[in-house]
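What follows is a set of notes on a single structure, which appears directly below.
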Amino acid sequence: MRVLVCGGDGFCGWPTSLYLSRQGCEVSILDNFLRRQWDTELGTQSLVPIATLSERVQRWKELTGRTIRTYIGDMTDHAFLEDVLRQERPDGVVHFAEQRSAPYSMIDRQHAVFTQVNNVVGTLNLVYAIRDIVPDCHLVKLGSMGEYGTPNIDIEEGYLKIEHNGRSDVLPYPKQPGSMYHLSKVHDSHNILFACRVWDLRATDLNQGVVYGVQTEDTSADEVLYNRFDTDEVFGTALNRFIAEAAVGQPLTVYGSGGQTRGFIQIRDTVRCIELALLHPADRGQCRVFNQFTQQFSILDLASRVANVAKELQLAVDVTHVANPRVEREEHYYKAAHTKLVDLGLTPHLLDEALLRELIQLAIRYRERIRLDKILPSVQWR
Ligand code: NAD
Ligand code: USQ
């Protein structure tokens with residue numbers, strides 16, 4: 001299978017590219033290195049040092065004999081994207097290439113506009129390019145569980161059967177996103193659904209939960225292949241941030257009461273989910289939605305788990321409740337379906353103490369790289 005991975009230099013995209021390459025796919029990567037530039041803008045860096053993309057693919061070739069072609073350019077440049085699709089003629093496109101931080105999108109008007117333009121225009125360009133050049137290609141698009149928000153009813157996988165005034169229909173599940181970034185994902189979902197309905201494209205929208213962990217079997221094979229590990233208030237996500245905070249002896253930053261409950265997934269399962277979606281493509285005209293997470297946790301529960309393992313490692317760690325910079329429910333009902341990927345063959349790796357220990361030890365190894373002044377939240381929703 002020929003697969004183009006858009007955003008293949010990023011946290012999810014890089015391990016996915018290696019994994020698919022190892023499974024025998026012919027993989028190419030498209031990226032414009034925006035993520036590396038945001039580190040410069042924000043004065044942050046990956047906790048684990050990362051090599052350049054050219055060094056990465058070169059080392060992969062030396063280790064495995066497999067080639068990963070690279071295209072450096074912007075999804076919002078339609079001519080560039082069309083050129084790549086013409087050269088690659090992929091069977092599947094995996095689209096990770098977006099601005100994915102909720103806090104970044106809430107810094108100010110400019111960052112909100114940038115996020116929505118980057119994400120919505122990039123995705124629109126991609127569906128038009130697929131329509132015109134490779135209409136049979138399967139689009140695998142990364143969405144987010146945060147598109148649904150936290151409704152007081154069960155969350156389904158994309159669609160909801162509704163009865164109204166004696167009639168019924170299956171309609172897109174109502175969305176209540178919690179940031180300008182999450183809104184961009186909702187806009188993408190609508191645009192992709194429209195493209196499938198009107199132009200008979202095939203797509204799978206993967207509503208992924210918060211990803212944790214850092215390395216996969218492939219990225220840990222060599223230091224040049226190591227994956228990025230974000231820990232700062234803008235790009236760091238809940239569990240990985242708590243691990244980094246534990247490693248530097250900072251109190252774990254639970255926002256508000258910590259009753260916020262979210263779906264979580266290990267990076268090792270992310271790569272397998274993408275493979276499963278590609279191996280079982282959507283039909284022409286079909287826009288499938290899978291909820292891509294394996295377990296749900298409250299934020300306070302996660303912080304307590306990290307603190308307990310950190311204490312066993314003789315680290316002095318407290319859990320602290322900091323004023324919540326976001327506007328979100330801190331106590332709420334949460335029950336989201338997530339069976340479709342399991343039905344296709346996913347065997348989830350569940351969170352355990354051994355992994356937490358391994359991640360804390362990885363963070364300790366590089367802890368001098370953590371910018372202590374970038375841990376506490378400063379971006380406010382209001
Ligand atoms: P990331 O920022 O590490 O990777 C995204 C990559 O896309 C980066 O390498 C960046 O340079 C590239 N990119 C961004 N805009 C681009 C553009 N216009 N043109 C070309 N390249 C561009 O993010 P990630 O954590 O790997 O997330 C990947 C995708 O998965 C995102 O769409 C995100 O919304 C989704 N997702 C991530 C998580 C998570 O916890 N990390 C959870 C759910 C969903
Ligand atoms: N939180 C804390 N303390 C922290 C960091 C976060 O309490 O130090 C809380 C937040 O308030 C929020 C929850 O943890 O309630 C999750 O926040 P997060 O920063 O881990 O994740 P989020 O902003 O939701 O975004 C991340 C990815 C995004 C993806 C999303 C999946 O950055 O790309 O779409 O997870 S989901 O959460 O399912 O929407």
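Starting from 1 in every chain, residues are counted up; chains themselves are A, B, ... following the order of the structure tokens, and ligands are numbered from 1 as listed.
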_List the spatial neighbours of Asp343 of chain A as a PyMOL selection string - criterion: any atom at most 12 Å away, only C-alpha atoms, same-chain residues fewer than 3 positions off excluded._
chain A and resi 273+276-277+280+290+338-340+346-348
Can you write out the residues you just picked, keeping N, CA, C and O atoms, as an mmCIF file, in the first residue's frame?
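Output file part.cif follows:
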data_model
loop_
_atom_site.group_PDB
_atom_site.id
_atom_site.type_symbol
_atom_site.label_atom_id
_atom_site.label_comp_id
_atom_site.auth_asym_id
_atom_site.auth_seq_id
_atom_site.Cartn_x
_atom_site.Cartn_y
_atom_site.Cartn_z
ATOM 1 N N CYS A 273 -3.939 1.740 15.381
ATOM 2 C CA CYS A 273 -5.273 2.172 14.930
ATOM 3 C C CYS A 273 -5.219 2.692 13.500
ATOM 4 O O CYS A 273 -6.102 2.424 12.679
ATOM 5 N N LEU A 276 -5.014 -0.198 11.196
ATOM 6 C CA LEU A 276 -6.306 -0.896 11.073
ATOM 7 C C LEU A 276 -7.261 -0.123 10.168
ATOM 8 O O LEU A 276 -7.970 -0.721 9.354
ATOM 9 N N ALA A 277 -7.270 1.200 10.317
ATOM 10 C CA ALA A 277 -8.156 1.999 9.458
ATOM 11 C C ALA A 277 -7.748 1.837 7.998
ATOM 12 O O ALA A 277 -8.596 1.673 7.110
ATOM 13 N N HIS A 280 -8.680 -1.583 6.472
ATOM 14 C CA HIS A 280 -10.127 -1.783 6.282
ATOM 15 C C HIS A 280 -10.731 -0.464 5.828
ATOM 16 O O HIS A 280 -11.388 0.222 6.602
ATOM 17 N N PHE A 290 -14.515 6.734 13.969
ATOM 18 C CA PHE A 290 -14.136 5.827 15.058
ATOM 19 C C PHE A 290 -13.642 6.677 16.223
ATOM 20 O O PHE A 290 -12.886 7.633 16.024
ATOM 21 N N HIS A 338 -16.321 3.152 22.244
ATOM 22 C CA HIS A 338 -15.038 3.025 21.531
ATOM 23 C C HIS A 338 -14.788 1.562 21.196
ATOM 24 O O HIS A 338 -13.777 0.974 21.575
ATOM 25 N N THR A 339 -15.715 0.996 20.442
ATOM 26 C CA THR A 339 -15.603 -0.439 20.126
ATOM 27 C C THR A 339 -15.193 -0.710 18.674
ATOM 28 O O THR A 339 -14.784 -1.814 18.360
ATOM 29 N N LYS A 340 -15.311 0.295 17.820
ATOM 30 C CA LYS A 340 -15.143 -0.016 16.385
ATOM 31 C C LYS A 340 -13.715 -0.437 16.033
ATOM 32 O O LYS A 340 -13.514 -1.319 15.204
ATOM 33 N N LEU A 346 -7.951 -4.144 17.238
ATOM 34 C CA LEU A 346 -7.064 -3.455 18.191
ATOM 35 C C LEU A 346 -7.052 -4.200 19.532
ATOM 36 O O LEU A 346 -8.108 -4.474 20.103
ATOM 37 N N THR A 347 -5.850 -4.503 20.017
ATOM 38 C CA THR A 347 -5.714 -5.032 21.380
ATOM 39 C C THR A 347 -5.033 -3.936 22.196
ATOM 40 O O THR A 347 -3.832 -3.718 22.063
ATOM 41 N N PRO A 348 -5.797 -3.218 23.011
ATOM 42 C CA PRO A 348 -5.230 -2.036 23.660
ATOM 43 C C PRO A 348 -4.113 -2.356 24.657
ATOM 44 O O PRO A 348 -4.172 -3.368 25.347
#
*asked:* Can you pull out the residues contacting segment 36-49 of chain A? Cut-off 7 Å, using only C-alpha atoms, and skip same-chain residues under 2 positions away; I want them as a PyMOL selection string.
replied: chain A and resi 33-34+51+228-232+366+369-371
*Figure out the distance between atom 39 (C, counted along the ligand's line) of ligand 1 and atom CA of Asp31 of chain A, please, to one decimal in Å.*
16.9 Å
Determine, using only C-alpha atoms and all ligand atoms, which residues of chain A have any atom at most 6 Å from an atom of ligand 1, and tabulate each with its shortest atom pair and distance in Å to one decimal place, rows ordered by chain and then rising number, as a tab-separated table.
residue	atom	partner	partner_atom_place_in_ligand_line	distance
A:Gly7	CA	ligand 1	7 (O)	3.4
A:Gly8	CA	ligand 1	9 (O)	5.9
A:Asp9	CA	ligand 1	9 (O)	4.1
A:Gly10	CA	ligand 1	4 (O)	3.4
A:Phe11	CA	ligand 1	26 (O)	3.7
A:Cys12	CA	ligand 1	26 (O)	3.6
A:Gly13	CA	ligand 1	26 (O)	5.3
A:Asp31	CA	ligand 1	21 (N)	3.8
A:Asn32	CA	ligand 1	20 (C)	4.3
A:Phe33	CA	ligand 1	11 (O)	3.8
A:Leu34	CA	ligand 1	11 (O)	3.8
A:Arg35	CA	ligand 1	11 (O)	3.9
A:Gly73	CA	ligand 1	20 (C)	5.8
A:Asp74	CA	ligand 1	19 (N)	3.6
A:Met75	CA	ligand 1	19 (N)	3.9
A:Thr76	CA	ligand 1	18 (N)	5.5
A:Phe96	CA	ligand 1	29 (C)	3.9
A:Ala97	CA	ligand 1	7 (O)	3.3
A:Glu98	CA	ligand 1	14 (C)	4.0
A:Gln99	CA	ligand 1	14 (C)	5.2
A:Arg100	CA	ligand 1	34 (O)	4.2
A:Asn118	CA	ligand 1	18 (N)	5.2
A:Gly122	CA	ligand 1	18 (N)	5.8
A:Leu142	CA	ligand 1	32 (O)	5.0
A:Gly143	CA	ligand 1	44 (C)	5.6
A:Ser144	CA	ligand 1	44 (C)	4.7
A:Gln208	CA	ligand 1	43 (C)	4.2
A:Gly209	CA	ligand 1	43 (C)	4.9
A:Val210	CA	ligand 1	40 (O)	3.9
A:Val211	CA	ligand 1	40 (O)	3.7
*Residues near segment 58-67 of chain A, cut-off 9 Å, only C-alpha atoms, skip fewer than 6 positions along chain, as number ranges by chain*: A: 18, 21-22, 24, 26-28, 222, 224-225
Create the file for the chosen residues now, containing C-alpha atoms and written as a PDB file, in the first residue's frame.
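This went into out.pdb:
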ATOM      1  CA  LEU A  18       7.953   4.136  10.843  1.00  0.00           C
ATOM      2  CA  SER A  21       7.012   1.399   6.753  1.00  0.00           C
ATOM      3  CA  ARG A  22       7.940  -1.644   8.879  1.00  0.00           C
ATOM      4  CA  GLY A  24       5.634  -3.046   4.329  1.00  0.00           C
ATOM      5  CA  GLU A  26       5.497   2.451   0.809  1.00  0.00           C
ATOM      6  CA  VAL A  27       5.518   5.558   2.991  1.00  0.00           C
ATOM      7  CA  SER A  28       6.113   9.203   2.178  1.00  0.00           C
ATOM      8  CA  ASP A 222      18.008   4.327  17.836  1.00  0.00           C
ATOM      9  CA  VAL A 224      18.215   9.418  15.942  1.00  0.00           C
ATOM     10  CA  LEU A 225      14.706   7.934  15.655  1.00  0.00           C
TER      11      LEU A 225
END
Residues within 8 Å of ligand 2 (only C-alpha atoms and all ligand atoms), as a short mmCIF file (atom, residue, chain, number, x, y, z; two decimals) with all heavy atoms, in the first residue's frame?
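Result file is out_38.cif:
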data_model
loop_
_atom_site.label_atom_id
_atom_site.label_comp_id
_atom_site.auth_asym_id
_atom_site.auth_seq_id
_atom_site.Cartn_x
_atom_site.Cartn_y
_atom_site.Cartn_z
N GLN A 99 -2.41 22.33 13.45
CA GLN A 99 -2.02 22.95 14.73
C GLN A 99 -2.91 22.29 15.76
O GLN A 99 -4.11 22.46 15.74
CB GLN A 99 -2.25 24.46 14.66
CG GLN A 99 -1.66 25.26 15.80
CD GLN A 99 -2.15 24.84 17.17
OE1 GLN A 99 -1.52 24.06 17.90
NE2 GLN A 99 -3.28 25.37 17.57
N ARG A 100 -2.32 21.53 16.70
CA ARG A 100 -3.15 20.65 17.52
C ARG A 100 -3.25 21.05 19.01
O ARG A 100 -3.75 20.28 19.83
CB ARG A 100 -2.67 19.22 17.40
CG ARG A 100 -1.30 18.93 17.99
CD ARG A 100 -1.39 18.25 19.32
NE ARG A 100 -0.09 17.90 19.86
CZ ARG A 100 0.26 18.21 21.08
NH1 ARG A 100 -0.54 18.89 21.88
NH2 ARG A 100 1.45 17.84 21.53
N SER A 101 -2.74 22.23 19.35
CA SER A 101 -2.81 22.60 20.77
C SER A 101 -4.00 23.52 21.05
O SER A 101 -4.14 24.58 20.44
CB SER A 101 -1.50 23.31 21.16
OG SER A 101 -1.71 24.10 22.32
N ALA A 102 -4.83 23.10 22.03
CA ALA A 102 -5.95 23.96 22.44
C ALA A 102 -5.44 25.27 23.03
O ALA A 102 -5.89 26.36 22.62
CB ALA A 102 -6.85 23.20 23.42
N PRO A 103 -4.46 25.23 23.98
CA PRO A 103 -3.98 26.51 24.51
C PRO A 103 -3.38 27.43 23.43
O PRO A 103 -3.61 28.65 23.45
CB PRO A 103 -2.90 26.10 25.53
CG PRO A 103 -3.30 24.71 25.94
CD PRO A 103 -3.89 24.08 24.71
N GLY A 143 -9.17 13.34 13.95
CA GLY A 143 -10.07 14.26 14.64
C GLY A 143 -9.77 14.18 16.12
O GLY A 143 -8.68 13.77 16.53
N SER A 144 -10.75 14.54 16.94
CA SER A 144 -10.47 14.61 18.38
C SER A 144 -11.72 14.26 19.17
O SER A 144 -12.83 14.66 18.80
CB SER A 144 -10.04 16.05 18.71
OG SER A 144 -9.90 16.20 20.09
N MET A 145 -11.53 13.53 20.28
CA MET A 145 -12.67 13.26 21.16
C MET A 145 -13.25 14.57 21.70
O MET A 145 -14.43 14.65 22.03
CB MET A 145 -12.24 12.37 22.34
CG MET A 145 -12.07 10.91 21.99
SD MET A 145 -13.55 10.15 21.30
CE MET A 145 -14.66 10.17 22.70
N GLY A 146 -12.40 15.59 21.79
CA GLY A 146 -12.84 16.88 22.31
C GLY A 146 -13.85 17.58 21.42
O GLY A 146 -14.44 18.58 21.82
N GLU A 147 -14.08 17.05 20.21
CA GLU A 147 -15.13 17.64 19.37
C GLU A 147 -16.50 17.47 20.02
O GLU A 147 -17.37 18.31 19.87
CB GLU A 147 -15.14 16.96 17.98
CG GLU A 147 -13.91 17.25 17.16
CD GLU A 147 -13.95 16.54 15.80
OE1 GLU A 147 -15.00 16.51 15.16
OE2 GLU A 147 -12.89 16.01 15.39
N GLY A 149 -17.18 17.39 23.26
CA GLY A 149 -17.35 18.04 24.56
C GLY A 149 -17.76 17.00 25.60
O GLY A 149 -17.41 15.82 25.49
N TYR A 181 -9.16 25.51 18.73
CA TYR A 181 -8.55 24.36 18.05
C TYR A 181 -9.59 23.26 17.86
O TYR A 181 -9.76 22.72 16.75
CB TYR A 181 -7.35 23.82 18.86
CG TYR A 181 -7.16 22.34 18.64
CD1 TYR A 181 -6.66 21.85 17.44
CD2 TYR A 181 -7.54 21.41 19.61
CE1 TYR A 181 -6.55 20.49 17.21
CE2 TYR A 181 -7.43 20.05 19.40
CZ TYR A 181 -6.93 19.60 18.19
OH TYR A 181 -6.83 18.25 17.97
N HIS A 182 -10.28 22.87 18.95
CA HIS A 182 -11.25 21.78 18.83
C HIS A 182 -12.35 22.15 17.82
O HIS A 182 -12.85 21.29 17.09
CB HIS A 182 -11.85 21.44 20.20
CG HIS A 182 -10.91 20.68 21.11
ND1 HIS A 182 -10.17 21.29 22.10
CD2 HIS A 182 -10.58 19.36 21.15
CE1 HIS A 182 -9.43 20.37 22.72
NE2 HIS A 182 -9.66 19.20 22.18
N ASN A 207 -11.60 10.08 15.87
CA ASN A 207 -11.69 11.01 16.99
C ASN A 207 -10.83 10.49 18.13
O ASN A 207 -11.25 9.69 18.96
CB ASN A 207 -13.15 11.17 17.43
CG ASN A 207 -13.91 12.08 16.49
OD1 ASN A 207 -13.30 12.89 15.78
ND2 ASN A 207 -15.21 11.96 16.46
N GLN A 208 -9.61 10.99 18.14
CA GLN A 208 -8.61 10.45 19.06
C GLN A 208 -8.69 11.15 20.41
O GLN A 208 -8.93 12.35 20.50
CB GLN A 208 -7.22 10.63 18.45
CG GLN A 208 -6.10 9.98 19.24
CD GLN A 208 -4.79 9.94 18.49
OE1 GLN A 208 -4.20 8.88 18.27
NE2 GLN A 208 -4.31 11.08 18.08
N GLY A 209 -8.46 10.37 21.48
CA GLY A 209 -8.34 10.96 22.82
C GLY A 209 -6.94 11.49 23.04
O GLY A 209 -6.12 11.53 22.11
N VAL A 210 -6.63 11.91 24.27
CA VAL A 210 -5.30 12.44 24.57
C VAL A 210 -4.29 11.31 24.46
O VAL A 210 -4.49 10.23 25.03
CB VAL A 210 -5.25 13.01 26.01
CG1 VAL A 210 -3.91 13.67 26.26
CG2 VAL A 210 -6.40 13.98 26.26
N VAL A 211 -3.21 11.56 23.70
CA VAL A 211 -2.19 10.52 23.51
C VAL A 211 -1.12 10.66 24.59
O VAL A 211 -0.68 11.77 24.89
CB VAL A 211 -1.54 10.66 22.11
CG1 VAL A 211 -0.53 9.54 21.88
CG2 VAL A 211 -2.60 10.65 21.02
N GLU A 233 3.28 24.13 28.98
CA GLU A 233 1.84 24.38 29.20
C GLU A 233 1.04 24.44 27.90
O GLU A 233 -0.15 24.19 27.90
CB GLU A 233 1.63 25.70 29.96
CG GLU A 233 2.23 26.90 29.23
CD GLU A 233 1.37 28.16 29.26
OE1 GLU A 233 0.14 28.06 29.40
OE2 GLU A 233 1.95 29.25 29.13
N VAL A 234 1.70 24.76 26.77
CA VAL A 234 0.95 24.94 25.52
C VAL A 234 0.83 23.62 24.76
O VAL A 234 -0.26 23.22 24.37
CB VAL A 234 1.59 26.03 24.65
CG1 VAL A 234 0.89 26.12 23.29
CG2 VAL A 234 1.51 27.38 25.35
N PHE A 235 1.92 22.93 24.56
CA PHE A 235 1.86 21.69 23.76
C PHE A 235 1.92 20.41 24.60
O PHE A 235 1.59 19.34 24.10
CB PHE A 235 2.96 21.69 22.70
CG PHE A 235 2.55 22.41 21.44
CD1 PHE A 235 2.84 23.76 21.26
CD2 PHE A 235 1.81 21.76 20.46
CE1 PHE A 235 2.42 24.43 20.12
CE2 PHE A 235 1.39 22.42 19.32
CZ PHE A 235 1.69 23.75 19.15
N GLY A 236 2.32 20.51 25.86
CA GLY A 236 2.33 19.30 26.70
C GLY A 236 0.90 18.89 27.00
O GLY A 236 0.04 19.75 27.22
N THR A 237 0.62 17.58 27.01
CA THR A 237 -0.74 17.13 27.35
C THR A 237 -0.71 16.42 28.71
O THR A 237 0.36 16.07 29.22
CB THR A 237 -1.29 16.19 26.26
OG1 THR A 237 -0.30 15.21 25.98
CG2 THR A 237 -1.62 16.95 25.00
N ALA A 238 -1.92 16.23 29.26
CA ALA A 238 -2.05 15.94 30.69
C ALA A 238 -1.06 14.89 31.22
O ALA A 238 -0.17 15.22 32.01
CB ALA A 238 -3.48 15.55 30.99
N LEU A 239 -1.15 13.66 30.83
CA LEU A 239 -0.33 12.63 31.49
C LEU A 239 1.17 12.86 31.26
O LEU A 239 1.96 12.79 32.20
CB LEU A 239 -0.77 11.24 31.02
CG LEU A 239 -0.03 10.07 31.65
CD1 LEU A 239 -0.07 10.11 33.16
CD2 LEU A 239 -0.64 8.76 31.17
N ARG A 241 2.68 15.61 30.75
CA ARG A 241 3.12 16.74 31.58
C ARG A 241 3.34 16.31 33.04
O ARG A 241 4.32 16.70 33.67
CB ARG A 241 2.05 17.86 31.54
CG ARG A 241 2.42 18.98 30.60
CD ARG A 241 1.26 19.87 30.32
NE ARG A 241 0.82 20.74 31.41
CZ ARG A 241 1.49 21.77 31.88
NH1 ARG A 241 2.69 22.05 31.40
NH2 ARG A 241 1.00 22.52 32.84
N PHE A 242 2.42 15.50 33.56
CA PHE A 242 2.57 15.07 34.96
C PHE A 242 3.87 14.28 35.14
O PHE A 242 4.56 14.41 36.16
CB PHE A 242 1.37 14.22 35.40
CG PHE A 242 0.05 14.97 35.41
CD1 PHE A 242 -1.15 14.30 35.25
CD2 PHE A 242 0.01 16.35 35.56
CE1 PHE A 242 -2.37 14.98 35.25
CE2 PHE A 242 -1.20 17.06 35.55
CZ PHE A 242 -2.39 16.36 35.39
N LEU A 252 2.31 18.35 40.64
CA LEU A 252 1.58 17.99 39.42
C LEU A 252 0.40 18.94 39.27
O LEU A 252 -0.41 19.09 40.18
CB LEU A 252 1.11 16.54 39.48
CG LEU A 252 2.18 15.51 39.86
CD1 LEU A 252 1.66 14.08 39.63
CD2 LEU A 252 3.47 15.71 39.08
N THR A 253 0.30 19.56 38.07
CA THR A 253 -0.63 20.68 37.85
C THR A 253 -2.01 20.23 37.42
O THR A 253 -2.34 20.23 36.24
CB THR A 253 -0.06 21.59 36.75
OG1 THR A 253 0.26 20.75 35.62
CG2 THR A 253 1.19 22.33 37.19
N VAL A 254 -2.84 19.85 38.40
CA VAL A 254 -4.24 19.51 38.09
C VAL A 254 -5.02 20.83 37.99
O VAL A 254 -5.01 21.63 38.93
CB VAL A 254 -4.83 18.62 39.20
CG1 VAL A 254 -6.32 18.47 39.04
CG2 VAL A 254 -4.13 17.27 39.20
N TYR A 255 -5.68 21.05 36.84
CA TYR A 255 -6.44 22.29 36.67
C TYR A 255 -7.80 22.15 37.34
O TYR A 255 -8.58 21.24 36.99
CB TYR A 255 -6.64 22.60 35.18
CG TYR A 255 -5.36 22.87 34.39
CD1 TYR A 255 -5.39 22.89 32.99
CD2 TYR A 255 -4.13 23.10 35.02
CE1 TYR A 255 -4.23 23.13 32.25
CE2 TYR A 255 -2.98 23.33 34.28
CZ TYR A 255 -3.03 23.35 32.90
OH TYR A 255 -1.89 23.58 32.16
N GLY A 256 -8.09 23.03 38.28
CA GLY A 256 -9.37 22.98 38.99
C GLY A 256 -9.47 21.73 39.84
O GLY A 256 -8.45 21.24 40.37
N GLY A 258 -10.06 18.69 38.95
CA GLY A 258 -9.47 17.48 38.35
C GLY A 258 -10.51 16.41 38.04
O GLY A 258 -10.17 15.30 37.65
N GLN A 260 -12.38 16.53 35.54
CA GLN A 260 -12.50 16.45 34.07
C GLN A 260 -12.11 15.04 33.65
O GLN A 260 -11.02 14.56 34.01
CB GLN A 260 -11.54 17.43 33.38
CG GLN A 260 -11.67 18.88 33.75
CD GLN A 260 -10.69 19.25 34.86
OE1 GLN A 260 -10.66 18.63 35.90
NE2 GLN A 260 -9.91 20.29 34.64
N THR A 261 -12.98 14.39 32.88
CA THR A 261 -12.70 13.02 32.43
C THR A 261 -12.53 13.02 30.92
O THR A 261 -13.30 13.67 30.21
CB THR A 261 -13.85 12.09 32.86
OG1 THR A 261 -13.95 12.17 34.28
CG2 THR A 261 -13.60 10.66 32.44
N ARG A 262 -11.48 12.33 30.47
CA ARG A 262 -11.17 12.30 29.04
C ARG A 262 -10.79 10.87 28.63
O ARG A 262 -10.37 10.07 29.46
CB ARG A 262 -9.97 13.22 28.73
CG ARG A 262 -10.17 14.71 29.05
CD ARG A 262 -11.10 15.39 28.07
NE ARG A 262 -11.23 16.82 28.34
CZ ARG A 262 -12.13 17.37 29.14
NH1 ARG A 262 -13.00 16.61 29.79
NH2 ARG A 262 -12.18 18.68 29.32
N GLY A 263 -10.88 10.60 27.32
CA GLY A 263 -10.39 9.35 26.79
C GLY A 263 -8.89 9.47 26.52
O GLY A 263 -8.42 10.51 26.06
N PHE A 264 -8.14 8.40 26.81
CA PHE A 264 -6.68 8.41 26.62
C PHE A 264 -6.25 7.20 25.79
O PHE A 264 -6.92 6.16 25.79
CB PHE A 264 -5.97 8.36 27.98
CG PHE A 264 -6.00 9.68 28.71
CD1 PHE A 264 -7.15 10.06 29.41
CD2 PHE A 264 -4.93 10.55 28.68
CE1 PHE A 264 -7.21 11.28 30.06
CE2 PHE A 264 -4.98 11.77 29.33
CZ PHE A 264 -6.13 12.14 30.02
N ILE A 299 -8.66 13.53 35.44
CA ILE A 299 -7.31 14.13 35.52
C ILE A 299 -6.71 13.91 36.91
O ILE A 299 -5.52 13.62 37.04
CB ILE A 299 -7.42 15.64 35.17
CG1 ILE A 299 -7.90 15.82 33.73
CG2 ILE A 299 -6.10 16.35 35.39
CD1 ILE A 299 -7.05 15.18 32.67
N LEU A 300 -7.54 14.01 37.94
CA LEU A 300 -7.03 13.82 39.30
C LEU A 300 -6.55 12.38 39.50
O LEU A 300 -5.51 12.14 40.12
CB LEU A 300 -8.12 14.18 40.32
CG LEU A 300 -7.68 14.18 41.78
CD1 LEU A 300 -6.51 15.14 42.01
CD2 LEU A 300 -8.85 14.57 42.70
N ASN A 324 -8.11 26.83 37.22
CA ASN A 324 -8.26 26.31 35.85
C ASN A 324 -8.21 27.44 34.83
O ASN A 324 -9.06 28.33 34.84
CB ASN A 324 -9.59 25.54 35.74
CG ASN A 324 -9.62 24.64 34.51
OD1 ASN A 324 -8.91 24.89 33.53
ND2 ASN A 324 -10.43 23.60 34.56
N PRO A 325 -7.22 27.41 33.91
CA PRO A 325 -7.14 28.47 32.90
C PRO A 325 -8.21 28.33 31.82
O PRO A 325 -8.44 29.23 31.03
CB PRO A 325 -5.75 28.27 32.29
CG PRO A 325 -5.47 26.81 32.48
CD PRO A 325 -6.16 26.40 33.75
N ARG A 326 -8.85 27.15 31.76
CA ARG A 326 -9.82 26.85 30.69
C ARG A 326 -11.24 27.04 31.20
O ARG A 326 -11.49 27.03 32.40
CB ARG A 326 -9.67 25.40 30.23
CG ARG A 326 -8.24 25.06 29.82
CD ARG A 326 -8.17 23.69 29.21
NE ARG A 326 -6.77 23.36 28.91
CZ ARG A 326 -6.38 22.41 28.09
NH1 ARG A 326 -7.28 21.67 27.47
NH2 ARG A 326 -5.10 22.19 27.87
N GLU A 328 -14.27 24.87 31.20
CA GLU A 328 -14.66 23.48 30.96
C GLU A 328 -15.33 22.96 32.23
O GLU A 328 -15.11 23.48 33.31
CB GLU A 328 -13.42 22.61 30.64
CG GLU A 328 -12.37 22.59 31.76
CD GLU A 328 -11.10 21.82 31.41
OE1 GLU A 328 -10.98 21.28 30.31
OE2 GLU A 328 -10.20 21.78 32.29
N GLU A 330 -15.75 20.69 35.32
CA GLU A 330 -14.80 19.94 36.15
C GLU A 330 -15.44 18.71 36.78
O GLU A 330 -14.72 17.85 37.30
CB GLU A 330 -14.19 20.87 37.21
CG GLU A 330 -13.31 21.93 36.57
CD GLU A 330 -12.75 22.94 37.55
OE1 GLU A 330 -12.89 22.74 38.77
OE2 GLU A 330 -12.18 23.94 37.07
N ILE A 375 6.08 25.65 32.74
CA ILE A 375 5.20 24.58 33.24
C ILE A 375 3.83 25.13 33.65
O ILE A 375 2.79 24.61 33.23
CB ILE A 375 5.86 23.84 34.42
CG1 ILE A 375 7.02 22.98 33.89
CG2 ILE A 375 4.84 22.96 35.15
CD1 ILE A 375 7.74 22.16 34.93
N LEU A 376 3.80 26.18 34.44
CA LEU A 376 2.50 26.67 34.93
C LEU A 376 1.70 27.31 33.80
O LEU A 376 2.28 27.98 32.93
CB LEU A 376 2.70 27.67 36.06
CG LEU A 376 3.06 27.02 37.40
CD1 LEU A 376 3.37 28.10 38.45
CD2 LEU A 376 1.96 26.08 37.90
N PRO A 377 0.37 27.12 33.80
CA PRO A 377 -0.42 27.66 32.68
C PRO A 377 -0.50 29.19 32.72
O PRO A 377 -0.68 29.78 33.77
CB PRO A 377 -1.80 27.05 32.91
CG PRO A 377 -1.86 26.72 34.35
CD PRO A 377 -0.47 26.41 34.78
#
